[in-house]
Structures are given as structure tokens and as C-alpha cells.
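Structure file model.cif with mmCIF, C-alpha atoms:
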```
data_work
loop_
_atom_site.label_atom_id
_atom_site.label_comp_id
_atom_site.auth_asym_id
_atom_site.auth_seq_id
_atom_site.Cartn_x
_atom_site.Cartn_y
_atom_site.Cartn_z
CA MET N 1178 69.42 126.99 112.63
CA LYS N 1179 72.53 127.94 110.69
CA ARG N 1180 74.77 125.04 109.82
CA ASN N 1181 78.50 125.14 110.20
CA LYS N 1182 80.13 123.74 107.10
CA PHE N 1183 82.52 121.81 109.34
CA SER N 1184 79.68 120.34 111.43
CA ARG N 1185 79.03 116.63 110.94
CA MET N 1186 75.34 116.92 111.94
CA LYS N 1187 73.15 114.10 113.19
CA LYS N 1188 70.19 112.48 111.50
CA CYS N 1189 67.11 110.65 112.70
CA PRO N 1190 67.16 107.16 111.14
CA TYR N 1191 63.35 107.08 111.17
CA CYS N 1192 62.09 110.43 109.83
CA GLY N 1193 65.33 111.75 108.33
CA LYS N 1194 65.30 115.07 110.15
CA GLU N 1195 68.76 116.53 110.84
CA TYR N 1196 69.97 118.02 114.11
CA SER N 1197 73.11 119.63 115.49
CA ASP N 1198 75.87 117.61 117.14
CA GLU N 1199 74.57 118.43 120.63
CA ALA N 1200 71.19 116.71 120.13
CA THR N 1201 70.83 113.07 121.14
CA ASN N 1202 67.21 112.18 120.33
CA CYS N 1203 64.74 113.21 117.63
CA ALA N 1204 62.19 115.74 118.85
CA ILE N 1205 59.49 114.16 116.65
CA ASP N 1206 59.75 110.43 117.30
CA ASN N 1207 62.36 110.29 120.09
CA GLU N 1208 64.60 108.02 118.00
CA LEU N 1209 68.30 107.96 118.87
CA LEU N 1210 70.14 110.21 116.38
CA LEU N 1211 72.94 108.85 114.24
CA ASP N 1212 75.97 110.59 112.90
CA ASN N 1213 75.00 111.80 109.42
CA GLN N 1214 78.09 110.36 107.76
CA LEU N 1215 77.61 107.09 109.60
CA ALA N 1216 74.00 106.92 108.42
CA LYS N 1217 75.06 107.48 104.81
CA ALA N 1218 77.72 104.80 105.13
CA GLU N 1219 75.13 102.36 106.50
CA GLU N 1220 72.78 103.18 103.62
CA GLN N 1221 75.50 102.53 101.07
CA GLU N 1222 76.44 99.27 102.76
CA ALA N 1223 72.81 98.19 102.74
CA LYS N 1224 72.58 98.90 99.01
CA LYS N 1225 75.64 96.72 98.43
CA ASP N 1226 73.94 93.86 100.22
CA GLU N 1227 70.79 94.17 98.06
CA PRO N 1228 70.74 91.46 95.39
CA TYR N 1229 70.73 92.50 91.73
CA LEU N 1230 67.47 91.02 90.51
CA THR N 1231 67.13 89.63 87.02
CA PHE N 1232 64.11 88.41 85.15
CA PRO N 1233 61.79 86.75 86.24
CA ASP N 1234 62.41 88.03 89.78
CA TYR N 1235 62.82 91.55 88.42
CA LYS N 1236 59.43 92.90 87.34
CA TRP N 1237 59.31 95.20 84.30
CA SER N 1238 57.83 98.68 84.65
CA ALA N 1239 57.27 101.77 82.52
CA ARG N 1240 60.60 103.11 83.78
CA ASP N 1241 62.37 100.27 81.98
CA ALA N 1242 60.42 100.98 78.79
CA TRP N 1243 61.28 104.70 78.80
CA LYS N 1244 64.96 103.96 79.44
CA CYS N 1245 64.93 101.47 76.58
CA LEU N 1246 63.38 104.00 74.19
CA GLY N 1247 65.96 106.60 75.20
CA ALA N 1248 68.81 104.18 74.54
CA ILE N 1249 67.32 103.21 71.17
CA LEU N 1250 67.07 106.87 70.19
CA ILE N 1251 70.71 107.54 71.12
CA LEU N 1252 71.99 104.45 69.29
CA THR N 1253 69.90 105.18 66.19
CA LEU N 1254 71.08 108.80 66.02
CA THR N 1255 74.68 107.69 66.50
CA LEU N 1256 74.48 105.11 63.72
CA GLY N 1257 72.77 107.64 61.45
CA LEU N 1258 75.47 110.20 62.14
CA ILE N 1259 78.26 107.70 61.43
CA LEU N 1260 76.60 106.61 58.20
CA GLY N 1261 76.00 110.22 57.15
CA ILE N 1262 79.62 111.19 57.75
CA THR N 1263 80.85 108.09 55.91
CA LEU N 1264 78.66 108.83 52.89
CA ALA N 1265 79.74 112.48 52.91
CA ILE N 1266 83.42 111.50 52.89
CA LEU N 1267 82.96 108.90 50.16
CA HIS N 1268 80.32 110.80 48.19
CA PHE N 1269 81.66 111.13 44.68
CA PRO N 1270 80.46 109.78 41.31
CA HIS N 1271 80.73 106.03 40.78
CA SER N 1272 81.81 105.44 44.38
CA THR N 1273 82.12 101.71 45.07
CA PHE N 1274 80.84 102.15 48.63
CA LYS N 1275 77.93 104.25 47.46
CA ASN N 1276 76.92 101.62 44.92
CA TRP N 1277 77.25 98.88 47.52
CA ILE N 1278 75.20 100.68 50.18
CA ASN N 1279 72.39 101.14 47.66
CA SER N 1280 72.44 97.48 46.62
CA GLY N 1281 70.49 94.61 48.12
CA PHE N 1282 73.54 93.48 50.10
CA GLY N 1283 74.15 96.98 51.45
CA ASP N 1284 70.51 97.43 52.44
CA PHE N 1285 70.54 94.04 54.16
CA TRP N 1286 73.61 94.77 56.30
CA GLY N 1287 72.41 98.29 57.05
CA SER N 1288 69.15 96.78 58.31
CA ILE N 1289 71.08 94.30 60.46
CA PHE N 1290 72.87 97.14 62.28
CA THR N 1291 69.68 99.19 62.59
CA TYR N 1292 67.67 96.35 64.08
CA ALA N 1293 70.55 95.42 66.39
CA ALA N 1294 70.44 98.96 67.78
CA TYR N 1295 66.70 98.42 68.30
CA LEU N 1296 66.98 95.00 69.93
CA LEU N 1297 70.00 95.23 72.24
CA PRO N 1298 68.61 97.95 74.58
CA ALA N 1299 65.46 95.87 75.09
CA ILE N 1300 67.51 92.83 76.05
CA TYR N 1301 69.61 94.92 78.43
CA PHE N 1302 66.76 96.68 80.25
CA ALA N 1303 64.71 93.48 80.42
CA ARG N 1304 67.52 92.01 82.58
CA THR N 1305 67.32 88.65 80.85
CA LYS N 1306 70.75 87.23 81.54
CA THR N 1307 70.37 83.89 79.78
CA LEU N 1308 68.89 82.74 76.50
CA ALA N 1309 66.27 80.73 78.39
CA THR N 1310 65.00 83.73 80.38
CA PHE N 1311 65.05 85.89 77.25
CA VAL N 1312 62.94 83.39 75.33
CA ASN N 1313 60.58 82.98 78.26
CA GLY N 1314 60.28 86.65 79.16
CA PHE N 1315 59.63 87.82 75.61
CA GLY N 1316 57.02 85.14 74.94
CA LEU N 1317 59.02 83.13 72.41
CA ASP N 1318 58.78 79.81 74.23
CA CYS N 1319 55.06 79.37 73.55
CA LYS N 1320 53.45 77.87 70.47
CA ILE N 1321 51.12 79.83 68.22
CA SER N 1322 47.78 80.11 69.99
CA LYS N 1323 44.18 80.18 68.76
CA TYR N 1324 44.28 84.00 68.77
CA ALA N 1325 46.83 83.99 65.94
CA TRP N 1326 44.12 83.40 63.34
CA PHE N 1327 42.29 86.49 64.52
CA GLY N 1328 45.51 88.44 63.99
CA VAL N 1329 45.99 86.98 60.49
CA ILE N 1330 42.42 87.80 59.46
CA MET N 1331 42.65 91.33 60.85
CA ALA N 1332 45.98 91.93 59.08
CA LEU N 1333 44.41 90.94 55.76
CA VAL N 1334 41.26 92.98 56.43
CA ILE N 1335 43.29 96.09 57.24
CA ARG N 1336 45.44 95.63 54.13
CA CYS N 1337 42.50 94.90 51.80
CA HIS N 1338 40.45 97.76 53.21
CA GLY N 1339 43.38 100.07 52.60
CA HIS N 1340 43.89 98.93 49.05
CA PHE N 1341 40.32 98.55 47.79
CA TYR N 1342 38.31 101.08 49.78
CA GLY N 1343 40.19 104.31 49.46
CA TRP N 1344 42.44 104.39 52.49
CA GLY N 1345 45.49 103.84 50.28
CA LYS N 1346 48.37 101.50 50.96
CA ILE N 1347 51.55 101.82 52.96
CA SER N 1348 54.50 101.72 50.61
CA THR N 1349 58.03 101.00 51.82
CA PRO N 1350 61.45 101.63 50.24
CA ASP N 1351 62.14 97.88 50.40
CA VAL N 1352 59.29 97.12 48.00
CA VAL N 1353 60.18 100.02 45.69
CA PHE N 1354 63.84 98.93 45.47
CA PHE N 1355 62.80 95.31 44.93
CA GLU N 1356 60.56 96.28 42.01
CA ASN N 1357 63.19 98.55 40.41
CA THR N 1358 66.21 96.25 40.81
CA VAL N 1359 67.24 93.31 38.67
CA GLY N 1360 69.30 90.29 39.54
CA PHE N 1361 69.55 87.99 42.55
CA THR N 1362 70.51 90.77 44.98
CA ARG N 1363 67.01 92.29 44.67
CA TYR N 1364 65.70 89.60 47.03
CA PHE N 1365 67.87 90.93 49.85
CA PHE N 1366 65.59 93.99 49.93
CA LEU N 1367 62.82 91.68 51.13
CA VAL N 1368 64.68 90.34 54.18
CA PRO N 1369 63.91 93.38 56.39
CA LEU N 1370 60.28 93.43 55.23
CA LEU N 1371 59.51 89.73 55.66
CA LEU N 1372 61.92 88.62 58.39
CA LEU N 1373 63.66 91.34 60.39
CA ALA N 1374 60.69 93.67 60.86
CA PRO N 1375 58.14 91.00 61.92
CA VAL N 1376 60.56 89.33 64.34
CA ILE N 1377 62.69 92.15 65.79
CA GLU N 1378 59.96 94.79 65.98
CA GLU N 1379 57.58 92.40 67.71
CA VAL N 1380 60.25 91.16 70.12
CA VAL N 1381 60.96 94.75 71.18
CA ASN N 1382 57.54 96.39 70.84
CA ARG N 1383 55.18 93.69 72.08
CA GLY N 1384 57.67 91.37 73.74
CA PHE N 1385 59.18 94.00 76.02
CA LEU N 1386 57.92 97.59 75.67
CA TYR N 1387 54.21 96.77 75.82
CA LYS N 1388 54.68 94.42 78.78
CA ALA N 1389 56.84 97.01 80.56
CA PHE N 1390 54.24 99.75 80.05
CA ARG N 1391 51.53 97.37 81.28
CA GLY N 1392 53.53 96.94 84.46
CA SER N 1393 52.72 100.57 85.32
CA TYR N 1394 49.93 101.83 83.06
CA SER N 1395 46.43 100.82 82.05
CA LEU N 1396 45.58 98.84 78.93
CA GLU N 1397 44.40 101.94 77.07
CA ILE N 1398 47.47 104.04 77.87
CA SER N 1399 49.86 101.21 76.99
CA MET N 1400 48.17 100.65 73.64
CA ALA N 1401 48.15 104.38 72.89
CA LEU N 1402 51.88 104.61 73.58
CA LEU N 1403 52.58 101.69 71.23
CA VAL N 1404 50.43 103.30 68.53
CA LEU N 1405 52.42 106.52 68.90
CA LEU N 1406 55.68 104.55 68.70
CA ALA N 1407 54.51 102.82 65.50
CA ILE N 1408 53.74 106.18 63.90
CA VAL N 1409 57.09 107.66 64.90
CA THR N 1410 59.12 104.66 63.70
CA HIS N 1411 57.17 104.58 60.41
CA TRP N 1412 57.14 108.32 59.93
CA PRO N 1413 58.31 108.22 56.27
CA GLN N 1414 55.12 106.32 55.43
CA CYS N 1415 52.81 108.25 57.75
CA HIS N 1416 53.66 111.95 57.49
CA ASN N 1417 51.97 112.41 54.10
CA SER N 1418 49.36 109.68 54.42
CA PRO N 1419 46.55 109.72 57.00
CA SER N 1420 45.54 106.33 55.60
CA ALA N 1421 48.91 104.86 56.57
CA THR N 1422 48.55 106.27 60.07
CA PHE N 1423 45.09 104.76 60.36
CA SER N 1424 46.21 101.34 59.12
CA LEU N 1425 49.27 101.20 61.37
CA GLY N 1426 47.25 102.38 64.36
CA VAL N 1427 44.60 99.69 63.94
CA LEU N 1428 47.24 97.02 63.31
CA THR N 1429 49.14 98.03 66.46
CA ILE N 1430 45.98 97.79 68.56
CA VAL N 1431 45.34 94.30 67.16
CA GLN N 1432 48.90 93.22 67.96
CA CYS N 1433 48.69 94.59 71.51
CA TYR N 1434 45.40 92.73 71.93
CA LEU N 1435 47.12 89.52 70.84
CA ARG N 1436 49.91 90.10 73.36
CA GLU N 1437 47.36 90.83 76.06
CA LYS N 1438 45.32 87.68 75.42
CA SER N 1439 48.07 85.23 74.52
CA GLY N 1440 51.33 84.31 76.16
CA SER N 1441 52.85 83.60 72.76
CA LEU N 1442 54.65 86.37 70.90
CA TRP N 1443 54.46 84.25 67.74
CA ASP N 1444 50.86 85.39 67.31
CA CYS N 1445 52.07 88.97 66.93
CA ILE N 1446 54.96 87.95 64.67
CA LEU N 1447 52.63 86.00 62.35
CA CYS N 1448 50.20 88.94 62.20
CA HIS N 1449 53.04 91.32 61.33
CA PHE N 1450 54.43 88.95 58.69
CA VAL N 1451 51.06 88.56 56.96
CA PHE N 1452 50.53 92.32 56.92
CA ASN N 1453 53.95 92.92 55.33
CA ALA N 1454 53.71 89.98 52.92
CA SER N 1455 50.31 91.17 51.71
CA LEU N 1456 51.89 94.54 50.86
CA LEU N 1457 54.45 92.77 48.69
CA PHE N 1458 51.70 90.71 47.03
CA ILE N 1459 49.65 93.81 46.23
CA ALA N 1460 52.67 95.73 44.94
CA VAL N 1461 53.81 92.92 42.64
CA PHE N 1462 50.52 91.43 41.39
CA LEU N 1463 47.78 94.05 41.86
CA SER N 1464 49.52 97.36 41.14
#
```
Here is the file; what I need is its structure written in the form of C-alpha cells.
Amino acid sequence: MKRNKFSRMKKCPYCGKEYSDEATNCAIDNELLLDNQLAKAEEQEAKKDEPYLTFPDYKWSARDAWKCLGAILILTLTLGLILGITLAILHFPHSTFKNWINSGFGDFWGSIFTYAAYLLPAIYFARTKTLATFVNGFGLDCKISKYAWFGVIMALVIRCHGHFYGWGKISTPDVVFFENTVGFTRYFFLVPLLLLAPVIEEVVNRGFLYKAFRGSYSLEISMALLVLLAIVTHWPQCHNSPSATFSLGVLTIVQCYLREKSGSLWDCILCHFVFNASLLFIAVFLS
């Protein structure tokens, strides 16, 4: 049947099949046909009446996790582009800005903006509208559980195995800059390693992304996706070092296990902190 572009058409409210203006009932289910435009208006009105759910009524799913990752990617690329343009404009010998950005203070504030771009999308897509629901939803309102000690032991085992048995160690720019800088500002290089990374990365990765993936996928798929994310976000350490990839992969599985077994995100944060702190210890005292 050829449609006239000026025809309003009618639509079955049950099966959705469209008919010409002359029809009154659906040939399939005998439902009374509605004007197509009227039906669309009713649908839009119904959507307006639907409540906007927030956590905990709103249940996280993989769709929320993928949206969050997309937003993080866009924000990270945007910040990188802005920083790159700024450095290109101000790139000349003995530039004050250049010296500042390479200092402990500059690295600290750069990390603050980077981790903010990582955290804010997770808060937004989690639909936690208050501090209380954020703390509850991300597992920050629970005390450290008995599983935390398993995480601590595994973090040390992974680090020691990497250092003493040939897998190598994961080096980071923070540790390198700390070792090669003098003065009080050198300690600001350690803030991302010992504070921002354990807290912010666990809040986003295990607090939200893992739980969102588990809302749609199996345990194995959710863990595999978090392992892949860890490799991508730590690519500078992984692309030339299979040992780093192995260590990060095993650590990520341990952290996901902690999140699966415990309601407390502090278990994951403590595990992450011990893993990073042990790197600093090895770099300073055993290298």
C-alpha cells in the first residue's frame, strides 16, 4: 500500500501495525486503531510521567559502564589536547610553565584533573544524587572485611614474584621522577601513586564499572573486561613488558574477586595501595 505523504495514518496500539485512515480495527488482533500522531503524543506523555530513577532504585547495567567509558575517553582526549596545545604555545627554553608542569606541584595538579575526568563520569552514570547514596553504592560505607588480608598478601606475592623470579617489575614515571628529583616537591610525585590511584581507580573500576558489567554479564566476562581496561590504562608500562601485563592482569582478577566477595571497596583500595607502595619500596631500597 502506497502511503500519501499527507496521510495521517492509523496505528494499532497493541501490535504497532499501521493502516490507512479508512481502517477502524486491526486485522491481526481486532484492536481499535488510533491516530498515529495521537499515539505518538500519548507515548511522549507517558514518558514524561515515568519517574527518573536514581540509585538504589536505578539498577546499574553494562550499558551504563560502556557510556561511562566513552565519556572518560572523550574527557581524557580533550584534556590531553588542551595540555598539548598549551605546551606547544609555551614551548620555548626556560619556560616557567614548562618547568612548573614538570615539577612535583605540576604533576600533582595534572593528576588531579586527570583523575577528576576519570571519576566524574562514573558518578554521573551511577545516578548517585547524594553523598550518602554515592558512598553506599560504591561500597565506601563498609569497613575493611576479612578478605582484605587475602588482597594484601596477593599484592605482595605478585610484586615479589615479579621482582625476584624474572617477571620484572612495573615501573612508573612517578617513581622515576621521585628518584631523580631533589627537594620537598619530590614527594608530590608520590601522591598519585599512593593516594589518587588506589582510591580513584578503585572507586571507578571496582566501585562502579565492575558492578555495572556484573549487572549484565557473567563473572568471567566482567573480570576479562576489567583486565583489558587495566592494560589499556597502563599501556605505557605494558606495551614493552609482558611481565607487567601479567602482573596487572592477576592483580585485577584479585581485586575483582575482592569486590565480588565483599561489600567493602576498602578491601580493593588497600590491595591497590600495598601493590603500589611495594613498588616504591623496591625502587628505593632494593634497586
Taking 6 positions as the minimum chain separation for residues in the same chain, which residues sit within 7 Å of segment 1316-1327 of chain N when counting all atoms listed in the file? Answer as a ChimeraX atom specification.
/N:1384,1435,1439-1444
May I have the selected residues written with C-alpha atoms, as a PDB file, keeping the file's coordinate frame?
```pdb
ATOM      1  CA  GLY N1384      57.670  91.370  73.740  1.00  0.00           C
ATOM      2  CA  LEU N1435      47.120  89.520  70.840  1.00  0.00           C
ATOM      3  CA  SER N1439      48.070  85.230  74.520  1.00  0.00           C
ATOM      4  CA  GLY N1440      51.330  84.310  76.160  1.00  0.00           C
ATOM      5  CA  SER N1441      52.850  83.600  72.760  1.00  0.00           C
ATOM      6  CA  LEU N1442      54.650  86.370  70.900  1.00  0.00           C
ATOM      7  CA  TRP N1443      54.460  84.250  67.740  1.00  0.00           C
ATOM      8  CA  ASP N1444      50.860  85.390  67.310  1.00  0.00           C
TER       9      ASP N1444
END
```
So what does the PyMOL selection byres ((chain N and resi 1243-1252) around 8) actually pick up in this one, as a VMD selection string?
chain N and resid 1239 to 1242 1253 to 1256 1294 to 1295 1298 to 1299 1302
Can you turn the PyMOL selection byres ((chain N and resi 1447) around 8) into a concrete residue list for this file, as a PyMOL selection string?
chain N and resi 1325+1328-1329+1375+1443-1446+1448-1451
Excluding Glu1397 of chain N and its own-chain neighbours fewer than 3 positions away, which residues fall within 12 Å of it when counting all atoms listed in the file? Please give them as number ranges by chain.
N: 1387, 1390-1391, 1393-1394, 1400-1404, 1430, 1433-1434, 1437
Taking the file as shown, what set of residues would the PyMOL selection byres ((chain N and resi 1363) around 12) give back, as a list of chain:residue names?
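Checking the PyMOL selection byres ((chain N and resi 1363) around 12) against this file, the residues are N:Asn1279, N:Ser1280, N:Gly1281, N:Phe1282, N:Gly1283, N:Asp1284, N:Phe1285, N:Asp1351, N:Val1352, N:Val1353, N:Phe1354, N:Phe1355, N:Glu1356, N:Asn1357, N:Thr1358, N:Val1359, N:Gly1360, N:Phe1361, N:Thr1362, N:Tyr1364, N:Phe1365, N:Phe1366, N:Leu1367, N:Val1368.
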Put those residues in a file: C-alpha atoms, as a CSV table (one decimal), keeping the file's coordinate frame.
```
chain,number,residue,atom,x,y,z
N,1279,ASN,CA,72.4,101.1,47.7
N,1280,SER,CA,72.4,97.5,46.6
N,1281,GLY,CA,70.5,94.6,48.1
N,1282,PHE,CA,73.5,93.5,50.1
N,1283,GLY,CA,74.2,97.0,51.4
N,1284,ASP,CA,70.5,97.4,52.4
N,1285,PHE,CA,70.5,94.0,54.2
N,1351,ASP,CA,62.1,97.9,50.4
N,1352,VAL,CA,59.3,97.1,48.0
N,1353,VAL,CA,60.2,100.0,45.7
N,1354,PHE,CA,63.8,98.9,45.5
N,1355,PHE,CA,62.8,95.3,44.9
N,1356,GLU,CA,60.6,96.3,42.0
N,1357,ASN,CA,63.2,98.6,40.4
N,1358,THR,CA,66.2,96.2,40.8
N,1359,VAL,CA,67.2,93.3,38.7
N,1360,GLY,CA,69.3,90.3,39.5
N,1361,PHE,CA,69.6,88.0,42.6
N,1362,THR,CA,70.5,90.8,45.0
N,1364,TYR,CA,65.7,89.6,47.0
N,1365,PHE,CA,67.9,90.9,49.8
N,1366,PHE,CA,65.6,94.0,49.9
N,1367,LEU,CA,62.8,91.7,51.1
N,1368,VAL,CA,64.7,90.3,54.2
```
Considering all atoms listed in the file, can you say which of N:Val1409, N:Leu1264, N:Leu1333, N:Ala1293 comes closest to Ala1374 of chain N?
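Residue with the minimum atom-to-atom distance to Ala1374 of chain N: N:Ala1293.
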As a ChimeraX atom specification, please: the residues near Thr1201 of chain N (cut-off 12 Å, all atoms listed in the file, same-chain neighbours under 2 positions excluded).
/N:1186-1189,1195-1199,1203-1204,1207-1212
Which residue out of N:Val1381, N:Val1376, N:Ile1335, N:Ala1265 has the minimum interatomic distance to Ile1300 of chain N when only C-alpha atoms are used?
N:Val1381
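The coordinates place atom CA of Ile1289 of chain N at 20.4 Å from atom CA of Leu1386 of chain N.
Closest approach to Leu1370 of chain N among N:Ile1278, N:Ile1262, N:Ala1454, N:Leu1396 is made by N:Ala1454 (distances from only C-alpha atoms).
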What separation in Å, quoted to one decimal, exists between atom CA of Gln1414 of chain N and atom CA of Arg1436 of chain N?
24.7 Å
Å distance separating atom CA of Phe1452 of chain N from atom CA of Pro1350 of chain N, one decimal place
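Rounded to one decimal, the two atoms are 15.8 Å apart.
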Measuring between all atoms listed in the file, which one of N:Pro1233, N:Gly1257, N:Gly1392, N:Gly1339 shows the shortest distance to Phe1315 of chain N?
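The closest residue to Phe1315 of chain N is N:Pro1233.
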Using all atoms listed in the file, find the one residue out of N:Ala1332, N:Asp1234, N:Tyr1292, N:Leu1406 that sits nearest to Thr1310 of chain N.
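Closest residue, counting all atoms listed in the file: N:Asp1234.
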Calculated over all atoms listed in the file, which of the candidates N:Ala1389, N:Val1380, N:Leu1371, N:Cys1192 has the smallest distance to Val1312 of chain N?
N:Val1380
Missing atoms in segment 1414-1433 of chain N need filling: write out N, CA and C atoms for it as an mmCIF file, in the coordinates of the input.
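In the end it all went to result33.cif:
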```cif
data_model
loop_
_atom_site.group_PDB
_atom_site.id
_atom_site.type_symbol
_atom_site.label_atom_id
_atom_site.label_comp_id
_atom_site.auth_asym_id
_atom_site.auth_seq_id
_atom_site.Cartn_x
_atom_site.Cartn_y
_atom_site.Cartn_z
ATOM 1 N N GLN N 1414 56.354 106.756 56.048
ATOM 2 C CA GLN N 1414 55.120 106.320 55.430
ATOM 3 C C GLN N 1414 53.897 107.085 55.925
ATOM 4 N N CYS N 1415 53.990 107.661 57.120
ATOM 5 C CA CYS N 1415 52.810 108.250 57.750
ATOM 6 C C CYS N 1415 52.669 109.759 57.557
ATOM 7 N N HIS N 1416 53.767 110.492 57.391
ATOM 8 C CA HIS N 1416 53.660 111.950 57.490
ATOM 9 C C HIS N 1416 52.856 112.564 56.355
ATOM 10 N N ASN N 1417 52.781 111.898 55.211
ATOM 11 C CA ASN N 1417 51.970 112.410 54.100
ATOM 12 C C ASN N 1417 50.749 111.554 53.825
ATOM 13 N N SER N 1418 50.447 110.620 54.694
ATOM 14 C CA SER N 1418 49.360 109.680 54.420
ATOM 15 C C SER N 1418 48.559 109.385 55.688
ATOM 16 N N PRO N 1419 47.422 110.059 55.877
ATOM 17 C CA PRO N 1419 46.550 109.720 57.000
ATOM 18 C C PRO N 1419 46.087 108.266 56.948
ATOM 19 N N SER N 1420 45.969 107.722 55.731
ATOM 20 C CA SER N 1420 45.540 106.330 55.600
ATOM 21 C C SER N 1420 46.572 105.376 56.187
ATOM 22 N N ALA N 1421 47.853 105.693 55.990
ATOM 23 C CA ALA N 1421 48.910 104.860 56.570
ATOM 24 C C ALA N 1421 48.874 104.927 58.083
ATOM 25 N N THR N 1422 48.648 106.103 58.620
ATOM 26 C CA THR N 1422 48.550 106.270 60.070
ATOM 27 C C THR N 1422 47.391 105.464 60.628
ATOM 28 N N PHE N 1423 46.263 105.521 59.931
ATOM 29 C CA PHE N 1423 45.090 104.760 60.360
ATOM 30 C C PHE N 1423 45.380 103.257 60.351
ATOM 31 N N SER N 1424 45.942 102.770 59.254
ATOM 32 C CA SER N 1424 46.210 101.340 59.120
ATOM 33 C C SER N 1424 47.185 100.845 60.177
ATOM 34 N N LEU N 1425 48.276 101.596 60.372
ATOM 35 C CA LEU N 1425 49.270 101.200 61.370
ATOM 36 C C LEU N 1425 48.694 101.266 62.784
ATOM 37 N N GLY N 1426 47.860 102.266 63.041
ATOM 38 C CA GLY N 1426 47.250 102.380 64.360
ATOM 39 C C GLY N 1426 46.355 101.201 64.681
ATOM 40 N N VAL N 1427 45.494 100.823 63.726
ATOM 41 C CA VAL N 1427 44.600 99.690 63.940
ATOM 42 C C VAL N 1427 45.399 98.393 64.079
ATOM 43 N N LEU N 1428 46.412 98.223 63.226
ATOM 44 C CA LEU N 1428 47.240 97.020 63.310
ATOM 45 C C LEU N 1428 47.935 96.925 64.658
ATOM 46 N N THR N 1429 48.450 98.031 65.164
ATOM 47 C CA THR N 1429 49.140 98.030 66.460
ATOM 48 C C THR N 1429 48.193 97.650 67.585
ATOM 49 N N ILE N 1430 46.967 98.148 67.536
ATOM 50 C CA ILE N 1430 45.980 97.790 68.560
ATOM 51 C C ILE N 1430 45.691 96.293 68.514
ATOM 52 N N VAL N 1431 45.569 95.739 67.310
ATOM 53 C CA VAL N 1431 45.340 94.300 67.160
ATOM 54 C C VAL N 1431 46.509 93.516 67.746
ATOM 55 N N GLN N 1432 47.726 93.940 67.461
ATOM 56 C CA GLN N 1432 48.900 93.220 67.960
ATOM 57 C C GLN N 1432 48.999 93.301 69.488
ATOM 58 N N CYS N 1433 48.683 94.460 70.041
ATOM 59 C CA CYS N 1433 48.690 94.590 71.510
ATOM 60 C C CYS N 1433 47.603 93.716 72.128
#
```
